[in-house]
Amino acid sequence: MVLADQAILEIRQTANQVRKDVLRMVNAATCGHPGGPLGMADFMTTLFLQHFNLTPETLHNEDRDRLVLGNGHTCAGYYALLAAKGILPREELMTFRKFGARLQGHPHRNADMGIDFSTGSLGNSLSVAVGMAMGARLSGYENRIFSISSDGESQEGQIWEAAMSAAHYQLGNLTAVVDFNNVQIDGHMRDVMNVRDLKLKYEAFGWHAMDVDGHDVLAVHDALEAANAVYEKPSAIICHTLIGKGVSFMEDQPGWHGVAPNDEQLALALAELEAAPE
Amino acid sequence: MPSTQTLAPLACDSPVKIVATRDAYGSALLELGAKRDDIVVLDADLSGSTKTKAFSQAYPARFFNQGVAEANMMGTAAGMASMGYTVFASSFAMFAAGKPWEQIRQSICVPELNVKICATHAGLTVGEDGKSHQMLEDITLMRVIPQMRVIVPADAVEAAAAVRAVAETDGPFYVRLSRASTPVIFAEDYKFELGKGAILREGTDLCIAACGVCVAPALQAAEELAKSGVEARVINLATIDPIDRDLILDSAERCGAILTVEEHQIRGGLGDAVAQVVVHGKPVPMQMLGMDNAFGQSGTADELLAHYGLDAPAIVARSQELMQRKA
Ligand SMILES: Cc1ncc(C[n+]2csc(CCOP(=O)(O)OP(=O)(O)O)c2C)c(N)n1
Ligand SMILES: [Mg+2]
């Protein structure tokens, strides 16, 4: 299905809102991870508004889609999108990382919040998504299972055990989306540990794999549709992104992986996002 | 039974110096790197946080970033150690002890290799990252492996000394370090000895045995207890394996009751190690303070220590309960 102009505009506006929410949340917490969620905002918003069928109405349906956020440190963006979809109250966003809050520093499985799995330790996520996809198929559901991960998480060996298994069991209901920003904590991938070509790797493991520009909403949408059309194989969408996208001083800077903007930096960042064309 | 009696020299700085044990690790590693070219360092994409970065910049040829691949890091550490190198391997405690446990057992401990796992961000004091990152089971996981020795330094002075000691001693070690800055307890002339505890304060009413970030609040609690006439001996048991049996039995004998305090699950941790000595050697009433079979959550380090009953007021309250159980 081709995206209507109105739908594209809604995605762009929501992605911009998500970026602002993320920055405010991390600033209020005085710690957390702004860079990843800013880079993922465009593809995550496309996924949440057009594909992932979680809504307040479907929240407790056994056969709704499932999502595992493997790079759990990017959960500020996840929470902002759950709020955008009316599943979390917007006011709750500002409790992020505070003592007693439901919005934990890394996601904690919670049926009422639409959080399908607990994450934070990298490497575990794709195996869990494989298990969900196997369970869904065994139950006869026609839902989709989305695994969201990162280039950093792709360095864990368990990811590749899961990749092998997903292809072996022909999990066509599984879509793995990878945030490929070429950045991890200690620096750029080329300097720390090069994961090289992930599309080729997934293909070699027997997947249907695509490279897309993770900031091109239409391309991401098309890839998510293409993934859904392939039945006999799992699909991988390698989203090429810029960490910190939308805030000039954060873009491609590994230093913004896990540092909160102070009040002055927040004001500068919000001003840039306010001025951004839609 | 030897009753050491000697008190460890304590810092008397005012205001109290506050330093994280991970910072002391980074500095000690840098010094060792200058003295010994058999020392190599591996890290798993956390060198800024674990503080191995200074070594990586000073000795880039002897530093190997492993990326986010801890199981591979432990296997690689074992291989390099088998070639004659003294290998330091670091990550957060969750990912250094939890994720690659089997590689540590099979590839490092079974062949008795010279690998020093220095794990930072242990325990609740990790804070806001929450339960996925708050490693509260690592003491148990490591001390249960034959050949592995486990050290939980109480402050920066002891951490630096422990890092030097493990570099000089052949075989596998696990050193548990913290993210949070904590008070410096020991004076610079404190002598750390592997396998030996230290008496920080004398008393005969009960013994408070602690390790890591819980030592400072234990000392504070003892001062508080003294106001109501209860004199506690406070001992620091930095080496959890091999544990200082003599000091524990001497404390049981002298005080007649032992309270253990640790930022770790009660099951399998320091309290468990002390109890194993006490039940066999000199049974006395004990109480164990730690995480009571629960995961942590997001919050500041101080909020979490208070919430889970590991701060000075909680230690005072539990000490008073224990005093009542004393015969
Ligand atoms: C098993 C494990 N090891 C280490 C970490 C610490 N850690 C958190 S994020 C991260 C870097 C991962 O890179 P990526 O997900 O690509 O980060 P981003 O692009 O969002 O900055 C590391 C090493 C972890 N959470 N889990
Ligand atoms: Mg990345």
# chains A, B, ... in the order shown; residues from 1 in each chain; ligands from 1

$ interface_residues --of "chain A" --to "chain B" --cutoff "8 Å" --atoms "only C-alpha atoms" --output "number ranges by chain"
A: 31-32, 97-101, 104-106, 119-122, 152-153, 155-157, 184-186, 192-193

$ select_by_dssp --residues "segment 55-228 of chain A" --states "strand (DSSP E or B)" --output "PyMOL selection string"
chain A and resi 66-69+110+115+145-150+174-180+183-184+187-188+208-213

$ residues_near_ligand --ligand "ligand 2" --cutoff "6 Å" --atoms "only C-alpha atoms and all ligand atoms" --output "number ranges by chain"
A: 150-152, 180-184

$ residues_around --residues "segment 235-239 of chain A" --least-positions-apart "3" --cutoff "6 Å" --atoms "only C-alpha atoms" --output "mmCIF file with C-alpha atoms, in the first residue's frame"
data_model
loop_
_atom_site.group_PDB
_atom_site.id
_atom_site.type_symbol
_atom_site.label_atom_id
_atom_site.label_comp_id
_atom_site.auth_asym_id
_atom_site.auth_seq_id
_atom_site.Cartn_x
_atom_site.Cartn_y
_atom_site.Cartn_z
ATOM 1 C CA THR A 175 11.102 -9.108 10.854
ATOM 2 C CA ALA A 176 14.412 -7.992 12.341
ATOM 3 C CA VAL A 177 15.104 -4.265 12.081
ATOM 4 C CA VAL A 178 18.685 -3.184 12.780
ATOM 5 C CA ASP A 179 19.722 0.378 13.621
ATOM 6 C CA PHE A 180 22.996 0.663 11.715
ATOM 7 C CA TRP A 207 17.253 -14.460 5.329
ATOM 8 C CA HIS A 208 15.543 -12.016 3.016
ATOM 9 C CA ALA A 209 17.591 -8.880 3.743
ATOM 10 C CA MET A 210 17.363 -5.244 2.686
ATOM 11 C CA ASP A 211 19.482 -2.133 3.135
ATOM 12 C CA VAL A 212 17.453 1.060 3.565
ATOM 13 C CA ASP A 213 18.000 4.685 4.497
ATOM 14 C CA GLY A 214 16.523 4.711 7.988
ATOM 15 C CA ALA A 227 9.164 -8.088 4.629
#

$ residues_around --residues "segment 200-206 of chain A" --least-positions-apart "3" --cutoff "9 Å" --atoms "only C-alpha atoms" --output "VMD selection string"
chain A and resid 160 163 to 164 166 to 168 170 196 to 197 209 233 to 236

$ residues_around --residues "Glu92 of chain A" --least-positions-apart "6" --cutoff "10 Å" --atoms "only C-alpha atoms" --output "tab-separated table (two decimals) with N, CA and C atoms, in the first residue's frame"
chain	number	residue	atom	x	y	z
A	25	MET	N	13.00	13.93	28.28
A	25	MET	CA	13.02	12.83	29.26
A	25	MET	C	14.43	12.60	29.80
A	79	TYR	N	9.25	4.49	24.71
A	79	TYR	CA	8.23	5.01	25.63
A	79	TYR	C	7.48	6.18	24.99
A	80	ALA	N	8.23	7.07	24.30
A	80	ALA	CA	7.59	8.23	23.66
A	80	ALA	C	6.59	7.75	22.61
A	83	ALA	N	3.48	6.45	24.17
A	83	ALA	CA	2.63	7.59	24.55
A	83	ALA	C	1.93	8.14	23.31
A	101	ALA	N	9.36	4.47	39.28
A	101	ALA	CA	8.66	4.67	38.01
A	101	ALA	C	8.47	3.36	37.26
A	102	ARG	N	7.42	3.33	36.41
A	102	ARG	CA	7.25	2.18	35.52
A	102	ARG	C	8.22	2.26	34.34
A	103	LEU	N	8.61	3.50	34.01
A	103	LEU	CA	9.52	3.69	32.88
A	103	LEU	C	10.96	3.50	33.34

$ residues_around --residues "Val166 of chain B" --least-positions-apart "3" --cutoff "12 Å" --atoms "only C-alpha atoms" --output "VMD selection string"
chain B and resid 25 28 to 29 32 39 86 to 88 114 to 118 148 to 151 159 to 163 169 to 175 192 to 195 239

$ closest_residue --among "A:Ile148, A:Ala7, A:Ala28, A:Leu93" --to "ligand 1" --atoms "only C-alpha atoms and all ligand atoms"
A:Ile148

$ residues_around --residues "Asp263 of chain A" --least-positions-apart "6" --cutoff "10 Å" --atoms "only C-alpha atoms" --output "PyMOL selection string"
chain A and resi 24+27-28+30+269
